[in-house]
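Trainee: If you scroll down you'll find the structure; I have some questions about it.
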Amino acid sequence: MTTHRPRFKVPHVFVLLLGVIAVCSVLTWVIPSGSYDRETKSIEGHERTLLVPGTYQPIEKHRSLEAAILGDEVEDKASPIGLVTFLAAVPRGLEEAADIIFFIFIIGGTFGILQRTGVITASIDRLLRKLGNRSSVLTGVLMVVLGIGGSTLGMGEEFIPLIPVFLIVSKRLGYDRIYGMALVIVATEVGFAASTTNPFTVYVAQGIAELPLASGMPLRIVFFAVAMSAAVAYLIMYGKRIKANPSNSVMADDPFEIDDAGEGVIPYRPHHTWILLVSAAIFLFLVYAVQQYGWWMDNMAGGFLLMGILAAVLARLPLEDATKSFVKGMEEMVVAALVVGFAKGISVVLSEAQVMDTIVYGAASLLSQVPRYVAAVGMLFFESSLNLLIPSGSGQAAVTVPLMAPLSDILGISRQTAVFAFTCGDGFSNSVIPTSGILMAMLSLAKIPYGRWLKFMLPLFGILMGLSALFLIYAVYSGYS
């Protein structure tokens, strides 16, 4: 008689993130505390608090039984994370990420109204009829469009509500949940990493590194084209394997049942065209306003709210019907929105215990001891690893670029190369790390276990990181500026 050992199952996203917070809390008792001086500068019209290179000082850590339970703050000493502080990390993370959380709720409600008007399903049916069996063309077009949004405007959270829509596309093309999810997240994160004018990463990093904004563009455009081509080819090949044999799916045991997939074809009406035009106009204006007027989550959420109101008016939805659709859309975003706050709890505990600066200082010290080609690739992997703890592009730039820029001067590497290492390391890792609020939010919407996603994504992640390393080596060789 043979017994089968149960397969390891990745826990629910909330359990997983809480476990990471717990591990980080324990590590604050082991990792030395320290701090850099900080200064405030205006970068691209926004005030940024930056580290001052060469000012790192260790801080004595206060350990006691009281600190382990209730927390015990002592002047001029760092306190490791105790039980009470650990439990408060999630509420504090939710508070600090409130703008993103409520933004996700609002756009969820808006997409609920759009779904109720039938514009999404009708438009998908119309698109699929025009393209026929050319699923590869549709895949390439959709991914390039989303990738450009990530590369030029740093779009990410805005695409979360697209997951249910792209699941419908994947279902009707004969693929699985993974394919529908990848259409969105892979395209977005490849664009975000292969950044051209992303205001939240490359512009912030170039401003900190005292480089001209939008400089070094030719290499970035080539890298975007290469990385996006690799991602599109990887997904198309995965789709072909599923078509050849459905058991090749990473989720072969999933029946892939979604609410909208079984409905009859919704006829495309003239008011659908008006809804699409109005929604596109509002969205484009929001993009412009973010760049020109410094609008942020609250203003953008207001724009999406207007989009939902006008869609309901154009479709002549009864007020009660529109309201119920809005509420239903928000309800479907509960887990996705709360995941962002849970992930934020990780940086809360590391900052509270003052160990984040120590991690950055240790990495910078190590990179200063190796040859420049190795250091450039080392910067890439350091930024990828640090993203697990600081899953924020602009936040990570403020912590690492002030050190990596002068370090690159010492090593004989251009500052442009250091910025390139940052954008690639920060961006690509967002597609695999469990602390990425966007990734975990999309996985919860798509009903894809994190472990299954890693099985699909890790080979592509390795390819993209390999491409990044090759481009970095070329950047060092060519004196990229």
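We name chains A, B, ... following the order of the structure tokens; residues begin at 1 in each chain, and ligands are numbered from 1 as shown.
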Taking only range 320-470 of chain A into account, list the residues labelled alpha helix (DSSP H) by DSSP (computed from the backbone), as a PyMOL selection string.
Mentor: chain A and resi 320-331+334-352+356-367+372-386+393-411+415-428+437-446+450-470
Trainee: List as CSV every residue of range 281-400 of chain A that is in contact with range 424-442 of chain A, defined as an atom at most 12 Å from one of its atoms (using only C-alpha atoms), together with the nearest atom pair and the distance in Å rounded to one decimal, sorted by chain and then rising number.
Mentor:
residue,atom,partner,partner_atom,distance
A:Glu332,CA,A:Ala441,CA,10.8
A:Met333,CA,A:Ala441,CA,8.2
A:Val334,CA,A:Ala441,CA,9.2
A:Val335,CA,A:Ala441,CA,6.8
A:Ala336,CA,A:Ala441,CA,3.8
A:Ala337,CA,A:Ala441,CA,6.7
A:Leu338,CA,A:Ala441,CA,8.3
A:Val339,CA,A:Gly437,CA,5.7
A:Val340,CA,A:Gly437,CA,4.3
A:Gly341,CA,A:Gly437,CA,7.8
A:Phe342,CA,A:Gly437,CA,8.1
A:Ala343,CA,A:Thr435,CA,5.1
A:Lys344,CA,A:Thr435,CA,8.0
A:Gly345,CA,A:Thr435,CA,9.5
A:Ile346,CA,A:Thr435,CA,8.0
A:Ser347,CA,A:Thr435,CA,9.9
A:Ala376,CA,A:Gly425,CA,11.1
A:Val377,CA,A:Gly425,CA,9.7
A:Gly378,CA,A:Gly425,CA,10.0
A:Met379,CA,A:Gly425,CA,7.9
A:Leu380,CA,A:Gly425,CA,4.9
A:Phe381,CA,A:Gly425,CA,6.2
A:Phe382,CA,A:Gly425,CA,7.4
A:Glu383,CA,A:Gly425,CA,4.8
A:Ser384,CA,A:Gly425,CA,4.3
A:Ser385,CA,A:Gly425,CA,8.0
A:Leu386,CA,A:Asp426,CA,8.1
A:Asn387,CA,A:Asp426,CA,5.8
A:Leu388,CA,A:Thr435,CA,5.9
A:Leu389,CA,A:Thr435,CA,7.4
A:Ile390,CA,A:Thr435,CA,8.4
A:Pro391,CA,A:Ser436,CA,5.7
A:Ser392,CA,A:Asp426,CA,8.2
A:Gly393,CA,A:Asp426,CA,6.5
A:Ser394,CA,A:Asp426,CA,9.8
A:Gly395,CA,A:Asp426,CA,10.5
A:Gln396,CA,A:Asp426,CA,7.9
A:Ala397,CA,A:Asp426,CA,8.9
A:Thr400,CA,A:Asp426,CA,10.9
Trainee: Name the residues in contact with range 278-293 of chain A at a cut-off of 10 Å, using only C-alpha atoms, excluding same-chain residues fewer than 2 positions from it; report them as a PDB file with C-alpha atoms, in the first residue's frame.
Mentor:
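Dumped everything to around32.pdb:
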ATOM      1  CA  GLU A  44       9.207  66.348 -10.700  1.00  0.00           C
ATOM      2  CA  GLY A  45       7.006  68.698  -8.712  1.00  0.00           C
ATOM      3  CA  LEU A 114     -19.926  49.411 -17.104  1.00  0.00           C
ATOM      4  CA  GLY A 149       0.517  52.249 -20.437  1.00  0.00           C
ATOM      5  CA  LEU A 153       2.541  56.395 -17.406  1.00  0.00           C
ATOM      6  CA  MET A 155      -0.162  52.407 -14.840  1.00  0.00           C
ATOM      7  CA  PRO A 199       6.862  59.190 -13.827  1.00  0.00           C
ATOM      8  CA  HIS A 272     -22.210  51.355 -26.245  1.00  0.00           C
ATOM      9  CA  THR A 273     -20.169  53.429 -28.696  1.00  0.00           C
ATOM     10  CA  TRP A 274     -20.967  56.595 -26.769  1.00  0.00           C
ATOM     11  CA  ILE A 275     -20.030  54.954 -23.468  1.00  0.00           C
ATOM     12  CA  LEU A 276     -16.693  53.835 -24.907  1.00  0.00           C
ATOM     13  CA  TRP A 295      -3.331  64.745  -9.846  1.00  0.00           C
ATOM     14  CA  TRP A 296      -3.210  61.660  -7.678  1.00  0.00           C
ATOM     15  CA  MET A 297      -5.510  58.905  -6.408  1.00  0.00           C
ATOM     16  CA  ASN A 299      -8.640  63.109  -8.292  1.00  0.00           C
ATOM     17  CA  MET A 300      -8.389  60.008 -10.470  1.00  0.00           C
ATOM     18  CA  ALA A 301     -11.014  58.232  -8.373  1.00  0.00           C
ATOM     19  CA  GLY A 302     -13.325  61.204  -8.942  1.00  0.00           C
ATOM     20  CA  GLY A 303     -12.746  60.872 -12.674  1.00  0.00           C
ATOM     21  CA  PHE A 304     -13.670  57.198 -12.622  1.00  0.00           C
ATOM     22  CA  LEU A 306     -17.816  60.494 -13.284  1.00  0.00           C
ATOM     23  CA  MET A 307     -17.195  57.791 -15.858  1.00  0.00           C
ATOM     24  CA  GLY A 308     -19.611  55.460 -14.075  1.00  0.00           C
ATOM     25  CA  LEU A 310     -22.168  59.096 -17.396  1.00  0.00           C
ATOM     26  CA  ALA A 311     -22.211  55.424 -18.461  1.00  0.00           C
ATOM     27  CA  LEU A 314     -26.074  56.970 -21.513  1.00  0.00           C
TER      28      LEU A 314
END
Trainee: Please measure the separation of CA of Phe326 in chain A and CA of Pro161 in chain A, giving the value in Å to one decimal.
Mentor: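 Distance between the two atoms: 12.8 Å.
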Trainee: Quick one, how far is CA of Glu157 in chain A from CA of Ala193 in chain A?
Mentor: 15.0 Å
Trainee: Looking at A:Gly462, A:Gly154, A:Gly451, A:Gly191, which one is nearest to Ile178 in chain A, with distances taken over only C-alpha atoms?
Mentor: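 So, comparing all the options, the nearest one is A:Gly451.
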Trainee: Using only C-alpha atoms, find the one residue out of A:Ile120, A:Val26, A:Ser468, A:Phe420 that sits nearest to Gly216 in chain A.
Mentor: A:Phe420
Trainee: I'd like the contact shell of range 470-475 of chain A - 10 Å cut-off, only C-alpha atoms, skipping same-chain residues fewer than 3 positions apart - returned as a PDB file with N, CA and C atoms, in the first residue's frame.
Mentor:
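Resulting contents of around.pdb:
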ATOM      1  N   LEU A 219      18.068  53.325 -25.674  1.00  0.00           N
ATOM      2  CA  LEU A 219      18.279  51.990 -25.133  1.00  0.00           C
ATOM      3  C   LEU A 219      17.017  51.492 -24.427  1.00  0.00           C
ATOM      4  N   ARG A 220      16.313  52.377 -23.766  1.00  0.00           N
ATOM      5  CA  ARG A 220      15.090  51.976 -23.058  1.00  0.00           C
ATOM      6  C   ARG A 220      14.009  51.520 -24.044  1.00  0.00           C
ATOM      7  N   VAL A 222      14.510  50.224 -27.068  1.00  0.00           N
ATOM      8  CA  VAL A 222      14.934  48.923 -27.592  1.00  0.00           C
ATOM      9  C   VAL A 222      14.663  47.832 -26.562  1.00  0.00           C
ATOM     10  N   PHE A 223      14.972  48.111 -25.306  1.00  0.00           N
ATOM     11  CA  PHE A 223      14.748  47.117 -24.254  1.00  0.00           C
ATOM     12  C   PHE A 223      13.263  46.811 -24.100  1.00  0.00           C
ATOM     13  N   ARG A 372      33.010  46.162 -11.765  1.00  0.00           N
ATOM     14  CA  ARG A 372      31.864  46.977 -12.171  1.00  0.00           C
ATOM     15  C   ARG A 372      30.796  46.189 -12.925  1.00  0.00           C
ATOM     16  N   TYR A 373      31.197  45.214 -13.761  1.00  0.00           N
ATOM     17  CA  TYR A 373      30.182  44.408 -14.460  1.00  0.00           C
ATOM     18  C   TYR A 373      29.362  43.604 -13.465  1.00  0.00           C
ATOM     19  N   VAL A 374      30.043  43.042 -12.489  1.00  0.00           N
ATOM     20  CA  VAL A 374      29.349  42.269 -11.449  1.00  0.00           C
ATOM     21  C   VAL A 374      28.475  43.196 -10.606  1.00  0.00           C
ATOM     22  N   ALA A 375      28.992  44.393 -10.322  1.00  0.00           N
ATOM     23  CA  ALA A 375      28.240  45.343  -9.505  1.00  0.00           C
ATOM     24  C   ALA A 375      26.952  45.771 -10.208  1.00  0.00           C
ATOM     25  N   ALA A 376      27.011  45.980 -11.526  1.00  0.00           N
ATOM     26  CA  ALA A 376      25.818  46.398 -12.264  1.00  0.00           C
ATOM     27  C   ALA A 376      24.728  45.334 -12.175  1.00  0.00           C
ATOM     28  N   VAL A 377      25.119  44.076 -12.401  1.00  0.00           N
ATOM     29  CA  VAL A 377      24.144  42.985 -12.290  1.00  0.00           C
ATOM     30  C   VAL A 377      23.727  42.803 -10.827  1.00  0.00           C
ATOM     31  N   MET A 379      23.395  45.190  -8.664  1.00  0.00           N
ATOM     32  CA  MET A 379      22.373  46.216  -8.406  1.00  0.00           C
ATOM     33  C   MET A 379      20.990  45.724  -8.835  1.00  0.00           C
ATOM     34  N   LEU A 380      20.952  45.042  -9.975  1.00  0.00           N
ATOM     35  CA  LEU A 380      19.681  44.515 -10.487  1.00  0.00           C
ATOM     36  C   LEU A 380      19.053  43.561  -9.477  1.00  0.00           C
ATOM     37  N   ILE A 413      30.751  53.261 -13.354  1.00  0.00           N
ATOM     38  CA  ILE A 413      29.503  52.938 -14.059  1.00  0.00           C
ATOM     39  C   ILE A 413      28.705  54.228 -14.178  1.00  0.00           C
ATOM     40  N   SER A 414      28.073  54.439 -15.309  1.00  0.00           N
ATOM     41  CA  SER A 414      27.286  55.656 -15.460  1.00  0.00           C
ATOM     42  C   SER A 414      26.072  55.626 -14.539  1.00  0.00           C
ATOM     43  N   GLN A 416      23.209  56.555 -15.342  1.00  0.00           N
ATOM     44  CA  GLN A 416      22.103  56.074 -16.154  1.00  0.00           C
ATOM     45  C   GLN A 416      21.965  54.557 -16.032  1.00  0.00           C
ATOM     46  N   THR A 417      23.103  53.879 -15.943  1.00  0.00           N
ATOM     47  CA  THR A 417      23.095  52.426 -15.782  1.00  0.00           C
ATOM     48  C   THR A 417      22.517  52.037 -14.424  1.00  0.00           C
ATOM     49  N   ALA A 418      22.864  52.786 -13.382  1.00  0.00           N
ATOM     50  CA  ALA A 418      22.313  52.511 -12.050  1.00  0.00           C
ATOM     51  C   ALA A 418      20.797  52.694 -12.040  1.00  0.00           C
ATOM     52  N   PHE A 420      18.859  52.345 -14.672  1.00  0.00           N
ATOM     53  CA  PHE A 420      18.329  51.239 -15.471  1.00  0.00           C
ATOM     54  C   PHE A 420      18.235  49.968 -14.627  1.00  0.00           C
ATOM     55  N   ALA A 421      19.251  49.713 -13.797  1.00  0.00           N
ATOM     56  CA  ALA A 421      19.225  48.552 -12.904  1.00  0.00           C
ATOM     57  C   ALA A 421      18.068  48.655 -11.914  1.00  0.00           C
ATOM     58  N   CYS A 424      14.544  48.026 -13.802  1.00  0.00           N
ATOM     59  CA  CYS A 424      14.360  46.603 -14.138  1.00  0.00           C
ATOM     60  C   CYS A 424      14.157  45.764 -12.882  1.00  0.00           C
ATOM     61  N   LEU A 464      13.322  37.335 -18.393  1.00  0.00           N
ATOM     62  CA  LEU A 464      13.337  38.802 -18.344  1.00  0.00           C
ATOM     63  C   LEU A 464      14.515  39.322 -17.520  1.00  0.00           C
ATOM     64  N   MET A 465      14.819  38.631 -16.432  1.00  0.00           N
ATOM     65  CA  MET A 465      15.973  39.050 -15.630  1.00  0.00           C
ATOM     66  C   MET A 465      17.271  38.811 -16.391  1.00  0.00           C
ATOM     67  N   GLY A 466      17.314  37.708 -17.168  1.00  0.00           N
ATOM     68  CA  GLY A 466      18.496  37.452 -17.988  1.00  0.00           C
ATOM     69  C   GLY A 466      18.691  38.524 -19.039  1.00  0.00           C
ATOM     70  N   LEU A 467      17.592  38.945 -19.686  1.00  0.00           N
ATOM     71  CA  LEU A 467      17.671  40.035 -20.653  1.00  0.00           C
ATOM     72  C   LEU A 467      18.143  41.330 -19.991  1.00  0.00           C
ATOM     73  N   SER A 478      29.289  50.076 -22.990  1.00  0.00           N
ATOM     74  CA  SER A 478      29.133  51.190 -23.919  1.00  0.00           C
ATOM     75  C   SER A 478      29.176  52.562 -23.225  1.00  0.00           C
ATOM     76  N   GLY A 479      29.199  52.567 -21.881  1.00  0.00           N
ATOM     77  CA  GLY A 479      29.176  53.848 -21.173  1.00  0.00           C
ATOM     78  C   GLY A 479      27.832  54.538 -21.309  1.00  0.00           C
ATOM     79  N   TYR A 480      26.779  53.769 -21.233  1.00  0.00           N
ATOM     80  CA  TYR A 480      25.407  54.239 -21.438  1.00  0.00           C
ATOM     81  C   TYR A 480      25.116  55.529 -20.675  1.00  0.00           C
ATOM     82  N   SER A 481      24.664  56.525 -21.383  1.00  0.00           N
ATOM     83  CA  SER A 481      24.324  57.789 -20.777  1.00  0.00           C
ATOM     84  C   SER A 481      23.071  58.382 -21.398  1.00  0.00           C
TER      85      SER A 481
END
